[in-house]
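The structure appears below as structure tokens.
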Amino acid sequence: AGNLDNLTAAQISKLAPLTIAALTDAQMAAMATAGKLNNLTNAQVIALPATTIDSVPATVIDNLTDAEVASLSDAQLAALTPAQMAAMATAGNLDNLTAAQISKLAPETIAALSDATMAAMATAGKLDNLTNAQVLALPATTIDSVPATVIDNLTDAEVAGLSDAQLAALTPAQIVAMESAGNLDNLTAAQISKLAPLTIAALTDAQMAAMATAGKLNNLTNAQVIALPATTIDSVPATVIDNLTDAEVASLSDAQLAALTPAQMAAMATAGNLDNLTAAQISKLAPLTIAALSDATMAALATAGKLANLTPAQVAALPASTIDSVPTTVLATLTDAQVASLTTAQLAALTDAQMAAMATAGNLDSLTPAQVAALPASTIDSVP
């Protein structure tokens, strides 16, 4: 009949809880719009059904005590609006809600909570029952609060549905949990490129290898690559690692350099981004990796003084086509046994100057008759 229009907010606050609870959604919404629900009592609010509790002003619902909020039914909790939930969180009266109750909130409602509120709830174990729908609705600012044991419940399709911003906000623990659960399978290479560097760096060698095989690492960024530990950097495709700048290659740690594969090193050399590596850093490369470099690359490195710290193991691994680039000062440090371990092809490729330096150092004494016989006429006179 519309004859409640002249009631004031103060008068409406005098209605019995069960009486106001009998009003329709439309009536309550109209009263809320007119400011007539601004004086509702806590008893009136907690008596409202799920169909009308969303009309309660945020400035009223935040008067509920912790205990009263915790007494709300699942249906009432599910009906709360983002504004109401944010107001209650600000008032600090969500403390008695259980993880089970929080799982009843509408996705858009829990998504309205602040980073600080979500972090506090996570610490208190209150986010342990979040539903997949709730997780998917969270903004990038709060998705990092979702426990790893919850986020790994997302399906492949749901993970693939995350936005770039959500993916970038995932923590190392979350991404490891999801990969272990096998629910990253639908992520594309483009999506993986959005993960934070420290997040992708947390994946295991086996996980990274599988992703590489599936072509999922083809869009890795330079920041992601240089953040990878030595245990996984070898999974980076050669066509990706050659995008590193000279300065970025030079910033790699000794462990990362030692883990680079022959294909990766050859790609970087072809791209010309080894220029800032020092002789000390080159000495950290695995023997088979430096052995993959071309004759031209090795000659250029030698000219630039970048091979001055080669190790005996690196020298021994070099093919005949590049061993002639090894500085004489390096070959002179080889022991008799190390020289004797060189193949006839390697010995035959050594220059006059190299052989002379080894002769001066006295490390040709262990050459076998077969090795001596393989030497060209130009260098055999260096043999004692």
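Chain labels run A, B, ... following the order of the structure tokens; each chain numbers its residues from 1, and ligands are numbered from 1 in the order shown.
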If you run DSSP on the backbone, which residues of range 146-221 of chain A are helix (DSSP H, G or I), as an mmCIF file with all heavy atoms, in the first residue's frame?
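The result, stored in result.cif:
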```cif
data_model
loop_
_atom_site.group_PDB
_atom_site.id
_atom_site.type_symbol
_atom_site.label_atom_id
_atom_site.label_comp_id
_atom_site.auth_asym_id
_atom_site.auth_seq_id
_atom_site.Cartn_x
_atom_site.Cartn_y
_atom_site.Cartn_z
ATOM 1 N N ALA A 148 48.873 -22.353 -1.202
ATOM 2 C CA ALA A 148 49.281 -23.241 -2.290
ATOM 3 C C ALA A 148 48.418 -24.493 -2.333
ATOM 4 O O ALA A 148 48.126 -25.017 -3.409
ATOM 5 C CB ALA A 148 50.759 -23.614 -2.120
ATOM 6 N N THR A 149 47.979 -24.927 -1.153
ATOM 7 C CA THR A 149 47.146 -26.137 -1.084
ATOM 8 C C THR A 149 45.722 -25.907 -1.567
ATOM 9 O O THR A 149 44.941 -26.848 -1.680
ATOM 10 C CB THR A 149 47.095 -26.658 0.365
ATOM 11 O OG1 THR A 149 46.703 -25.571 1.224
ATOM 12 C CG2 THR A 149 48.454 -27.183 0.805
ATOM 13 N N VAL A 150 45.381 -24.659 -1.823
ATOM 14 C CA VAL A 150 44.056 -24.314 -2.350
ATOM 15 C C VAL A 150 44.151 -24.030 -3.846
ATOM 16 O O VAL A 150 43.350 -24.520 -4.643
ATOM 17 C CB VAL A 150 43.471 -23.082 -1.623
ATOM 18 C CG1 VAL A 150 42.207 -22.595 -2.313
ATOM 19 C CG2 VAL A 150 43.186 -23.417 -0.158
ATOM 20 N N ILE A 151 45.173 -23.255 -4.219
ATOM 21 C CA ILE A 151 45.274 -22.840 -5.616
ATOM 22 C C ILE A 151 45.574 -24.023 -6.533
ATOM 23 O O ILE A 151 45.269 -23.997 -7.726
ATOM 24 C CB ILE A 151 46.329 -21.716 -5.785
ATOM 25 C CG1 ILE A 151 45.979 -20.849 -7.003
ATOM 26 C CG2 ILE A 151 47.742 -22.286 -5.849
ATOM 27 C CD1 ILE A 151 46.676 -19.510 -7.032
ATOM 28 N N ASP A 156 43.058 -27.303 -15.153
ATOM 29 C CA ASP A 156 43.891 -26.777 -16.235
ATOM 30 C C ASP A 156 43.214 -25.584 -16.905
ATOM 31 O O ASP A 156 43.836 -24.555 -17.169
ATOM 32 C CB ASP A 156 44.120 -27.851 -17.312
ATOM 33 C CG ASP A 156 45.087 -28.938 -16.858
ATOM 34 O OD1 ASP A 156 45.496 -28.910 -15.685
ATOM 35 O OD2 ASP A 156 45.421 -29.801 -17.679
ATOM 36 N N ALA A 157 41.929 -25.753 -17.200
ATOM 37 C CA ALA A 157 41.191 -24.703 -17.908
ATOM 38 C C ALA A 157 41.080 -23.438 -17.065
ATOM 39 O O ALA A 157 41.186 -22.317 -17.583
ATOM 40 C CB ALA A 157 39.809 -25.201 -18.295
ATOM 41 N N GLU A 158 40.889 -23.611 -15.744
ATOM 42 C CA GLU A 158 40.768 -22.448 -14.863
ATOM 43 C C GLU A 158 42.097 -21.703 -14.748
ATOM 44 O O GLU A 158 42.135 -20.475 -14.756
ATOM 45 C CB GLU A 158 40.265 -22.886 -13.488
ATOM 46 C CG GLU A 158 38.794 -23.293 -13.500
ATOM 47 C CD GLU A 158 38.339 -23.949 -12.213
ATOM 48 O OE1 GLU A 158 39.185 -24.555 -11.504
ATOM 49 O OE2 GLU A 158 37.139 -23.878 -11.919
ATOM 50 N N VAL A 159 43.186 -22.449 -14.652
ATOM 51 C CA VAL A 159 44.503 -21.806 -14.597
ATOM 52 C C VAL A 159 44.748 -21.037 -15.893
ATOM 53 O O VAL A 159 45.235 -19.903 -15.887
ATOM 54 C CB VAL A 159 45.624 -22.841 -14.375
ATOM 55 C CG1 VAL A 159 47.002 -22.186 -14.509
ATOM 56 C CG2 VAL A 159 45.488 -23.488 -12.994
ATOM 57 N N ALA A 160 44.399 -21.661 -17.005
ATOM 58 C CA ALA A 160 44.596 -21.018 -18.303
ATOM 59 C C ALA A 160 43.710 -19.786 -18.456
ATOM 60 O O ALA A 160 43.991 -18.914 -19.283
ATOM 61 C CB ALA A 160 44.319 -22.001 -19.427
ATOM 62 N N ASP A 164 46.659 -11.984 -17.268
ATOM 63 C CA ASP A 164 48.101 -11.744 -17.221
ATOM 64 C C ASP A 164 48.506 -11.165 -15.863
ATOM 65 O O ASP A 164 49.542 -11.525 -15.301
ATOM 66 C CB ASP A 164 48.522 -10.777 -18.337
ATOM 67 C CG ASP A 164 48.451 -11.410 -19.716
ATOM 68 O OD1 ASP A 164 48.240 -12.638 -19.806
ATOM 69 O OD2 ASP A 164 48.609 -10.675 -20.711
ATOM 70 N N ALA A 165 47.681 -10.261 -15.345
ATOM 71 C CA ALA A 165 47.988 -9.638 -14.055
ATOM 72 C C ALA A 165 47.947 -10.658 -12.922
ATOM 73 O O ALA A 165 48.794 -10.637 -12.014
ATOM 74 C CB ALA A 165 47.008 -8.508 -13.773
ATOM 75 N N GLN A 166 46.964 -11.566 -12.950
ATOM 76 C CA GLN A 166 46.890 -12.617 -11.921
ATOM 77 C C GLN A 166 48.098 -13.546 -12.024
ATOM 78 O O GLN A 166 48.695 -13.903 -11.000
ATOM 79 C CB GLN A 166 45.597 -13.417 -12.084
ATOM 80 C CG GLN A 166 44.329 -12.678 -11.664
ATOM 81 C CD GLN A 166 43.078 -13.482 -12.000
ATOM 82 O OE1 GLN A 166 42.930 -13.971 -13.124
ATOM 83 N NE2 GLN A 166 42.173 -13.630 -11.051
ATOM 84 N N LEU A 167 48.453 -13.929 -13.236
ATOM 85 C CA LEU A 167 49.613 -14.813 -13.421
ATOM 86 C C LEU A 167 50.890 -14.159 -12.891
ATOM 87 O O LEU A 167 51.700 -14.799 -12.227
ATOM 88 C CB LEU A 167 49.785 -15.149 -14.904
ATOM 89 C CG LEU A 167 48.742 -16.098 -15.512
ATOM 90 C CD1 LEU A 167 48.854 -16.093 -17.033
ATOM 91 C CD2 LEU A 167 48.922 -17.517 -14.969
ATOM 92 N N ALA A 168 51.032 -12.872 -13.168
ATOM 93 C CA ALA A 168 52.235 -12.154 -12.728
ATOM 94 C C ALA A 168 52.318 -12.060 -11.210
ATOM 95 O O ALA A 168 53.421 -11.916 -10.648
ATOM 96 C CB ALA A 168 52.259 -10.759 -13.340
ATOM 97 N N ALA A 169 51.167 -12.154 -10.542
ATOM 98 C CA ALA A 169 51.141 -12.016 -9.079
ATOM 99 C C ALA A 169 51.319 -13.332 -8.332
ATOM 100 O O ALA A 169 51.496 -13.347 -7.117
ATOM 101 C CB ALA A 169 49.821 -11.376 -8.657
ATOM 102 N N PRO A 172 56.070 -18.039 -5.938
ATOM 103 C CA PRO A 172 56.802 -19.285 -6.232
ATOM 104 C C PRO A 172 56.110 -20.522 -5.648
ATOM 105 O O PRO A 172 55.970 -21.534 -6.331
ATOM 106 C CB PRO A 172 58.164 -19.039 -5.584
ATOM 107 C CG PRO A 172 58.349 -17.559 -5.678
ATOM 108 C CD PRO A 172 56.975 -16.996 -5.420
ATOM 109 N N ALA A 173 55.651 -20.440 -4.400
ATOM 110 C CA ALA A 173 55.009 -21.600 -3.771
ATOM 111 C C ALA A 173 53.730 -21.984 -4.513
ATOM 112 O O ALA A 173 53.433 -23.180 -4.673
ATOM 113 C CB ALA A 173 54.688 -21.287 -2.310
ATOM 114 N N GLN A 174 52.981 -20.990 -4.975
ATOM 115 C CA GLN A 174 51.739 -21.283 -5.696
ATOM 116 C C GLN A 174 52.027 -21.959 -7.036
ATOM 117 O O GLN A 174 51.384 -22.946 -7.392
ATOM 118 C CB GLN A 174 50.959 -19.981 -5.931
ATOM 119 C CG GLN A 174 50.338 -19.382 -4.678
ATOM 120 C CD GLN A 174 49.693 -18.029 -4.956
ATOM 121 O OE1 GLN A 174 50.203 -17.226 -5.728
ATOM 122 N NE2 GLN A 174 48.588 -17.744 -4.289
ATOM 123 N N ILE A 175 52.986 -21.449 -7.779
ATOM 124 C CA ILE A 175 53.249 -22.002 -9.110
ATOM 125 C C ILE A 175 53.824 -23.409 -9.001
ATOM 126 O O ILE A 175 53.519 -24.298 -9.807
ATOM 127 C CB ILE A 175 54.162 -21.070 -9.932
ATOM 128 C CG1 ILE A 175 53.875 -21.236 -11.429
ATOM 129 C CG2 ILE A 175 55.629 -21.370 -9.737
ATOM 130 C CD1 ILE A 175 52.592 -20.701 -11.885
ATOM 131 N N VAL A 176 54.648 -23.646 -7.988
ATOM 132 C CA VAL A 176 55.197 -24.993 -7.781
ATOM 133 C C VAL A 176 54.071 -25.970 -7.441
ATOM 134 O O VAL A 176 54.031 -27.096 -7.954
ATOM 135 C CB VAL A 176 56.260 -24.979 -6.664
ATOM 136 C CG1 VAL A 176 56.613 -26.399 -6.238
ATOM 137 C CG2 VAL A 176 57.520 -24.254 -7.139
ATOM 138 N N ALA A 177 53.141 -25.536 -6.603
ATOM 139 C CA ALA A 177 52.020 -26.401 -6.221
ATOM 140 C C ALA A 177 51.152 -26.720 -7.432
ATOM 141 O O ALA A 177 50.729 -27.865 -7.618
ATOM 142 C CB ALA A 177 51.185 -25.724 -5.141
ATOM 143 N N MET A 178 50.908 -25.716 -8.259
ATOM 144 C CA MET A 178 50.062 -25.945 -9.436
ATOM 145 C C MET A 178 50.755 -26.848 -10.450
ATOM 146 O O MET A 178 50.126 -27.712 -11.070
ATOM 147 C CB MET A 178 49.680 -24.614 -10.070
ATOM 148 C CG MET A 178 48.662 -23.836 -9.255
ATOM 149 S SD MET A 178 47.927 -22.439 -10.164
ATOM 150 C CE MET A 178 49.286 -21.284 -10.166
ATOM 151 N N GLU A 179 52.057 -26.660 -10.599
ATOM 152 C CA GLU A 179 52.783 -27.512 -11.544
ATOM 153 C C GLU A 179 52.826 -28.947 -11.031
ATOM 154 O O GLU A 179 52.653 -29.903 -11.797
ATOM 155 C CB GLU A 179 54.201 -26.975 -11.757
ATOM 156 C CG GLU A 179 55.106 -27.854 -12.604
ATOM 157 C CD GLU A 179 54.575 -28.084 -14.015
ATOM 158 O OE1 GLU A 179 53.768 -27.275 -14.515
ATOM 159 O OE2 GLU A 179 54.959 -29.096 -14.620
ATOM 160 N N SER A 180 53.036 -29.110 -9.725
ATOM 161 C CA SER A 180 53.054 -30.453 -9.138
ATOM 162 C C SER A 180 51.704 -31.141 -9.297
ATOM 163 O O SER A 180 51.631 -32.364 -9.470
ATOM 164 C CB SER A 180 53.413 -30.380 -7.649
ATOM 165 O OG SER A 180 54.729 -29.879 -7.474
ATOM 166 N N ALA A 189 52.658 -20.463 -23.997
ATOM 167 C CA ALA A 189 53.978 -19.850 -23.843
ATOM 168 C C ALA A 189 53.839 -18.366 -23.527
ATOM 169 O O ALA A 189 54.599 -17.808 -22.718
ATOM 170 C CB ALA A 189 54.798 -20.052 -25.110
ATOM 171 N N ALA A 190 52.849 -17.725 -24.128
ATOM 172 C CA ALA A 190 52.624 -16.296 -23.884
ATOM 173 C C ALA A 190 52.237 -16.047 -22.426
ATOM 174 O O ALA A 190 52.681 -15.065 -21.810
ATOM 175 C CB ALA A 190 51.531 -15.773 -24.810
ATOM 176 N N GLN A 191 51.407 -16.945 -21.857
ATOM 177 C CA GLN A 191 51.000 -16.784 -20.464
ATOM 178 C C GLN A 191 52.168 -17.042 -19.514
ATOM 179 O O GLN A 191 52.333 -16.346 -18.514
ATOM 180 C CB GLN A 191 49.840 -17.725 -20.149
ATOM 181 C CG GLN A 191 48.525 -17.304 -20.799
ATOM 182 C CD GLN A 191 47.417 -18.313 -20.529
ATOM 183 O OE1 GLN A 191 47.565 -19.499 -20.814
ATOM 184 N NE2 GLN A 191 46.317 -17.857 -19.973
ATOM 185 N N ILE A 192 52.980 -18.035 -19.824
ATOM 186 C CA ILE A 192 54.134 -18.342 -18.967
ATOM 187 C C ILE A 192 55.104 -17.168 -18.939
ATOM 188 O O ILE A 192 55.777 -16.919 -17.932
ATOM 189 C CB ILE A 192 54.799 -19.652 -19.430
ATOM 190 C CG1 ILE A 192 53.892 -20.836 -19.045
ATOM 191 C CG2 ILE A 192 56.204 -19.818 -18.831
ATOM 192 C CD1 ILE A 192 54.295 -22.159 -19.620
ATOM 193 N N PRO A 197 59.711 -13.363 -12.541
ATOM 194 C CA PRO A 197 60.983 -14.098 -12.659
ATOM 195 C C PRO A 197 61.259 -15.044 -11.494
ATOM 196 O O PRO A 197 61.632 -16.203 -11.694
ATOM 197 C CB PRO A 197 62.018 -12.964 -12.735
ATOM 198 C CG PRO A 197 61.280 -11.859 -13.436
ATOM 199 C CD PRO A 197 59.886 -11.925 -12.849
ATOM 200 N N LEU A 198 61.054 -14.578 -10.263
ATOM 201 C CA LEU A 198 61.325 -15.434 -9.105
ATOM 202 C C LEU A 198 60.332 -16.588 -8.985
ATOM 203 O O LEU A 198 60.631 -17.603 -8.361
ATOM 204 C CB LEU A 198 61.318 -14.610 -7.812
ATOM 205 C CG LEU A 198 62.471 -13.615 -7.655
ATOM 206 C CD1 LEU A 198 62.360 -12.872 -6.330
ATOM 207 C CD2 LEU A 198 63.829 -14.318 -7.748
ATOM 208 N N THR A 199 59.171 -16.426 -9.607
ATOM 209 C CA THR A 199 58.167 -17.487 -9.585
ATOM 210 C C THR A 199 58.567 -18.619 -10.527
ATOM 211 O O THR A 199 58.565 -19.798 -10.146
ATOM 212 C CB THR A 199 56.784 -16.921 -9.978
ATOM 213 O OG1 THR A 199 56.397 -15.948 -9.001
ATOM 214 C CG2 THR A 199 55.738 -18.013 -10.039
ATOM 215 N N ILE A 200 58.925 -18.279 -11.755
ATOM 216 C CA ILE A 200 59.329 -19.336 -12.700
ATOM 217 C C ILE A 200 60.652 -19.962 -12.261
ATOM 218 O O ILE A 200 60.920 -21.133 -12.530
ATOM 219 C CB ILE A 200 59.391 -18.807 -14.147
ATOM 220 C CG1 ILE A 200 59.337 -19.989 -15.125
ATOM 221 C CG2 ILE A 200 60.604 -17.927 -14.385
ATOM 222 C CD1 ILE A 200 59.025 -19.602 -16.545
ATOM 223 N N ASP A 205 63.802 -28.769 -12.171
ATOM 224 C CA ASP A 205 64.440 -29.118 -13.434
ATOM 225 C C ASP A 205 63.496 -29.957 -14.296
ATOM 226 O O ASP A 205 63.340 -29.714 -15.497
ATOM 227 C CB ASP A 205 65.729 -29.897 -13.137
ATOM 228 C CG ASP A 205 66.608 -30.044 -14.359
ATOM 229 O OD1 ASP A 205 66.411 -29.298 -15.337
ATOM 230 O OD2 ASP A 205 67.507 -30.903 -14.345
ATOM 231 N N ALA A 206 62.848 -30.933 -13.671
ATOM 232 C CA ALA A 206 61.927 -31.801 -14.419
ATOM 233 C C ALA A 206 60.742 -31.006 -14.976
ATOM 234 O O ALA A 206 60.309 -31.224 -16.112
ATOM 235 C CB ALA A 206 61.423 -32.925 -13.518
ATOM 236 N N GLN A 207 60.217 -30.080 -14.163
ATOM 237 C CA GLN A 207 59.089 -29.271 -14.608
ATOM 238 C C GLN A 207 59.483 -28.367 -15.777
ATOM 239 O O GLN A 207 58.765 -28.263 -16.770
ATOM 240 C CB GLN A 207 58.568 -28.429 -13.432
ATOM 241 C CG GLN A 207 57.904 -29.255 -12.341
ATOM 242 C CD GLN A 207 57.687 -28.483 -11.047
ATOM 243 O OE1 GLN A 207 58.399 -27.527 -10.748
ATOM 244 N NE2 GLN A 207 56.710 -28.904 -10.257
ATOM 245 N N MET A 208 60.649 -27.744 -15.660
ATOM 246 C CA MET A 208 61.099 -26.853 -16.727
ATOM 247 C C MET A 208 61.406 -27.640 -18.000
ATOM 248 O O MET A 208 61.109 -27.192 -19.119
ATOM 249 C CB MET A 208 62.326 -26.070 -16.264
ATOM 250 C CG MET A 208 62.016 -24.973 -15.264
ATOM 251 S SD MET A 208 61.146 -23.546 -15.999
ATOM 252 C CE MET A 208 62.521 -22.721 -16.817
ATOM 253 N N ALA A 209 61.989 -28.803 -17.834
ATOM 254 C CA ALA A 209 62.311 -29.631 -19.004
ATOM 255 C C ALA A 209 61.041 -30.036 -19.739
ATOM 256 O O ALA A 209 60.983 -30.013 -20.980
ATOM 257 C CB ALA A 209 63.100 -30.861 -18.565
ATOM 258 N N ALA A 210 60.009 -30.388 -18.973
ATOM 259 C CA ALA A 210 58.741 -30.775 -19.588
ATOM 260 C C ALA A 210 58.115 -29.595 -20.322
ATOM 261 O O ALA A 210 57.562 -29.739 -21.418
ATOM 262 C CB ALA A 210 57.787 -31.300 -18.522
ATOM 263 N N MET A 211 58.199 -28.424 -19.719
ATOM 264 C CA MET A 211 57.645 -27.230 -20.353
ATOM 265 C C MET A 211 58.421 -26.887 -21.630
ATOM 266 O O MET A 211 57.844 -26.455 -22.631
ATOM 267 C CB MET A 211 57.685 -26.051 -19.373
ATOM 268 C CG MET A 211 56.685 -26.161 -18.234
ATOM 269 S SD MET A 211 56.889 -24.791 -17.043
ATOM 270 C CE MET A 211 55.299 -24.050 -17.137
ATOM 271 N N ALA A 212 59.730 -27.074 -21.577
ATOM 272 C CA ALA A 212 60.547 -26.801 -22.759
ATOM 273 C C ALA A 212 60.177 -27.748 -23.895
ATOM 274 O O ALA A 212 60.027 -27.335 -25.050
ATOM 275 C CB ALA A 212 62.029 -26.940 -22.413
ATOM 276 N N THR A 213 60.002 -29.014 -23.553
ATOM 277 C CA THR A 213 59.626 -30.016 -24.556
ATOM 278 C C THR A 213 58.287 -29.677 -25.194
ATOM 279 O O THR A 213 58.081 -29.894 -26.398
ATOM 280 C CB THR A 213 59.553 -31.411 -23.906
ATOM 281 O OG1 THR A 213 60.836 -31.744 -23.365
ATOM 282 C CG2 THR A 213 59.143 -32.475 -24.916
#
```
Would you pick out the contacts of range 324-338 of chain A at 8 Å or less, using only C-alpha atoms, so that residues sharing its chain but fewer than 2 positions from it are not included, and give the list as a PDB file with N, CA and C atoms, in the first residue's frame?
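Written file, around30.pdb:
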```pdb
ATOM      1  N   ASP A 295      85.004 -22.108 -35.077  1.00  0.00           N
ATOM      2  CA  ASP A 295      86.400 -21.687 -35.239  1.00  0.00           C
ATOM      3  C   ASP A 295      86.492 -20.168 -35.221  1.00  0.00           C
ATOM      4  N   MET A 298      85.907 -18.830 -31.658  1.00  0.00           N
ATOM      5  CA  MET A 298      87.072 -19.093 -30.802  1.00  0.00           C
ATOM      6  C   MET A 298      88.242 -18.193 -31.180  1.00  0.00           C
ATOM      7  N   ALA A 299      88.435 -17.980 -32.465  1.00  0.00           N
ATOM      8  CA  ALA A 299      89.527 -17.113 -32.908  1.00  0.00           C
ATOM      9  C   ALA A 299      89.307 -15.688 -32.416  1.00  0.00           C
ATOM     10  N   ALA A 302      89.971 -15.534 -28.740  1.00  0.00           N
ATOM     11  CA  ALA A 302      91.417 -15.582 -28.507  1.00  0.00           C
ATOM     12  C   ALA A 302      92.038 -14.214 -28.749  1.00  0.00           C
ATOM     13  N   LEU A 307      90.369 -16.229 -23.912  1.00  0.00           N
ATOM     14  CA  LEU A 307      90.656 -17.652 -23.680  1.00  0.00           C
ATOM     15  C   LEU A 307      91.841 -17.845 -22.742  1.00  0.00           C
ATOM     16  N   ALA A 308      92.278 -16.762 -22.132  1.00  0.00           N
ATOM     17  CA  ALA A 308      93.493 -16.807 -21.305  1.00  0.00           C
ATOM     18  C   ALA A 308      93.351 -17.645 -20.047  1.00  0.00           C
ATOM     19  N   ASN A 309      92.113 -17.940 -19.637  1.00  0.00           N
ATOM     20  CA  ASN A 309      91.903 -18.704 -18.405  1.00  0.00           C
ATOM     21  C   ASN A 309      91.297 -20.081 -18.653  1.00  0.00           C
ATOM     22  N   LEU A 310      91.395 -20.571 -19.883  1.00  0.00           N
ATOM     23  CA  LEU A 310      90.844 -21.894 -20.169  1.00  0.00           C
ATOM     24  C   LEU A 310      91.428 -22.942 -19.237  1.00  0.00           C
ATOM     25  N   THR A 311      90.598 -23.884 -18.827  1.00  0.00           N
ATOM     26  CA  THR A 311      91.065 -24.961 -17.955  1.00  0.00           C
ATOM     27  C   THR A 311      91.573 -26.131 -18.800  1.00  0.00           C
ATOM     28  N   PRO A 312      92.401 -26.989 -18.212  1.00  0.00           N
ATOM     29  CA  PRO A 312      92.856 -28.178 -18.951  1.00  0.00           C
ATOM     30  C   PRO A 312      91.691 -29.021 -19.483  1.00  0.00           C
ATOM     31  N   VAL A 315      90.371 -27.347 -22.606  1.00  0.00           N
ATOM     32  CA  VAL A 315      91.302 -27.533 -23.727  1.00  0.00           C
ATOM     33  C   VAL A 315      91.173 -28.951 -24.285  1.00  0.00           C
ATOM     34  N   ALA A 316      91.137 -29.928 -23.390  1.00  0.00           N
ATOM     35  CA  ALA A 316      91.067 -31.326 -23.817  1.00  0.00           C
ATOM     36  C   ALA A 316      89.780 -31.626 -24.593  1.00  0.00           C
ATOM     37  N   ALA A 320      89.629 -30.478 -33.101  1.00  0.00           N
ATOM     38  CA  ALA A 320      90.811 -30.061 -33.862  1.00  0.00           C
ATOM     39  C   ALA A 320      90.580 -28.723 -34.555  1.00  0.00           C
ATOM     40  N   SER A 321      89.326 -28.431 -34.871  1.00  0.00           N
ATOM     41  CA  SER A 321      89.039 -27.201 -35.610  1.00  0.00           C
ATOM     42  C   SER A 321      89.199 -25.928 -34.799  1.00  0.00           C
ATOM     43  N   THR A 322      89.212 -26.050 -33.462  1.00  0.00           N
ATOM     44  CA  THR A 322      89.336 -24.827 -32.652  1.00  0.00           C
ATOM     45  C   THR A 322      90.496 -24.838 -31.672  1.00  0.00           C
ATOM     46  N   ALA A 340      99.606 -35.673 -23.241  1.00  0.00           N
ATOM     47  CA  ALA A 340      99.592 -37.036 -23.783  1.00  0.00           C
ATOM     48  C   ALA A 340      98.171 -37.546 -24.024  1.00  0.00           C
ATOM     49  N   SER A 341      97.177 -36.921 -23.353  1.00  0.00           N
ATOM     50  CA  SER A 341      95.793 -37.358 -23.532  1.00  0.00           C
ATOM     51  C   SER A 341      95.135 -36.735 -24.764  1.00  0.00           C
ATOM     52  N   LEU A 342      95.820 -35.787 -25.388  1.00  0.00           N
ATOM     53  CA  LEU A 342      95.259 -35.165 -26.588  1.00  0.00           C
ATOM     54  C   LEU A 342      95.233 -36.174 -27.733  1.00  0.00           C
ATOM     55  N   ALA A 349      96.636 -30.404 -35.178  1.00  0.00           N
ATOM     56  CA  ALA A 349      96.074 -29.075 -35.446  1.00  0.00           C
ATOM     57  C   ALA A 349      96.803 -27.964 -34.701  1.00  0.00           C
ATOM     58  N   LEU A 350      97.680 -28.320 -33.767  1.00  0.00           N
ATOM     59  CA  LEU A 350      98.399 -27.303 -32.999  1.00  0.00           C
ATOM     60  C   LEU A 350      99.364 -26.534 -33.890  1.00  0.00           C
ATOM     61  N   THR A 351      99.512 -25.255 -33.587  1.00  0.00           N
ATOM     62  CA  THR A 351     100.411 -24.416 -34.389  1.00  0.00           C
ATOM     63  C   THR A 351     101.852 -24.588 -33.939  1.00  0.00           C
ATOM     64  N   ALA A 353     103.755 -22.270 -32.909  1.00  0.00           N
ATOM     65  CA  ALA A 353     103.961 -21.506 -31.678  1.00  0.00           C
ATOM     66  C   ALA A 353     103.461 -22.279 -30.466  1.00  0.00           C
ATOM     67  N   GLN A 354     102.321 -22.952 -30.620  1.00  0.00           N
ATOM     68  CA  GLN A 354     101.772 -23.737 -29.512  1.00  0.00           C
ATOM     69  C   GLN A 354     102.707 -24.889 -29.136  1.00  0.00           C
ATOM     70  N   ALA A 357     105.811 -23.629 -27.425  1.00  0.00           N
ATOM     71  CA  ALA A 357     105.553 -23.223 -26.040  1.00  0.00           C
ATOM     72  C   ALA A 357     105.487 -24.434 -25.126  1.00  0.00           C
ATOM     73  N   MET A 358     104.850 -25.525 -25.601  1.00  0.00           N
ATOM     74  CA  MET A 358     104.782 -26.727 -24.780  1.00  0.00           C
ATOM     75  C   MET A 358     106.146 -27.389 -24.645  1.00  0.00           C
ATOM     76  N   THR A 360     109.005 -25.789 -24.643  1.00  0.00           N
ATOM     77  CA  THR A 360     109.737 -24.950 -23.688  1.00  0.00           C
ATOM     78  C   THR A 360     109.313 -25.259 -22.261  1.00  0.00           C
ATOM     79  N   ALA A 361     108.023 -25.546 -22.112  1.00  0.00           N
ATOM     80  CA  ALA A 361     107.500 -25.867 -20.774  1.00  0.00           C
ATOM     81  C   ALA A 361     107.842 -27.291 -20.368  1.00  0.00           C
ATOM     82  N   GLY A 362     108.349 -28.054 -21.306  1.00  0.00           N
ATOM     83  CA  GLY A 362     108.764 -29.421 -21.007  1.00  0.00           C
ATOM     84  C   GLY A 362     107.621 -30.392 -20.841  1.00  0.00           C
ATOM     85  N   ASN A 363     106.488 -30.120 -21.497  1.00  0.00           N
ATOM     86  CA  ASN A 363     105.353 -31.020 -21.299  1.00  0.00           C
ATOM     87  C   ASN A 363     105.016 -31.863 -22.538  1.00  0.00           C
ATOM     88  N   LEU A 364     106.034 -32.108 -23.358  1.00  0.00           N
ATOM     89  CA  LEU A 364     105.838 -33.011 -24.501  1.00  0.00           C
ATOM     90  C   LEU A 364     106.497 -34.375 -24.266  1.00  0.00           C
ATOM     91  N   ASP A 365     107.065 -34.535 -23.095  1.00  0.00           N
ATOM     92  CA  ASP A 365     107.877 -35.729 -22.819  1.00  0.00           C
ATOM     93  C   ASP A 365     107.088 -37.037 -22.845  1.00  0.00           C
ATOM     94  N   SER A 366     105.768 -36.945 -22.631  1.00  0.00           N
ATOM     95  CA  SER A 366     104.984 -38.186 -22.557  1.00  0.00           C
ATOM     96  C   SER A 366     104.284 -38.549 -23.863  1.00  0.00           C
ATOM     97  N   LEU A 367     104.588 -37.818 -24.934  1.00  0.00           N
ATOM     98  CA  LEU A 367     103.964 -38.158 -26.213  1.00  0.00           C
ATOM     99  C   LEU A 367     104.361 -39.565 -26.639  1.00  0.00           C
TER     100      LEU A 367
END
```
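You will find CA of Leu80 in chain A at 27.0 Å from CA of Thr155 in chain A.
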### Task
For CA of Thr239 in chain A and CA of Gln264 in chain A, quote the distance in Å rounded to one decimal.
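If I compute the distance from CA of Thr239 in chain A to CA of Gln264 in chain A, I get 8.1 Å.
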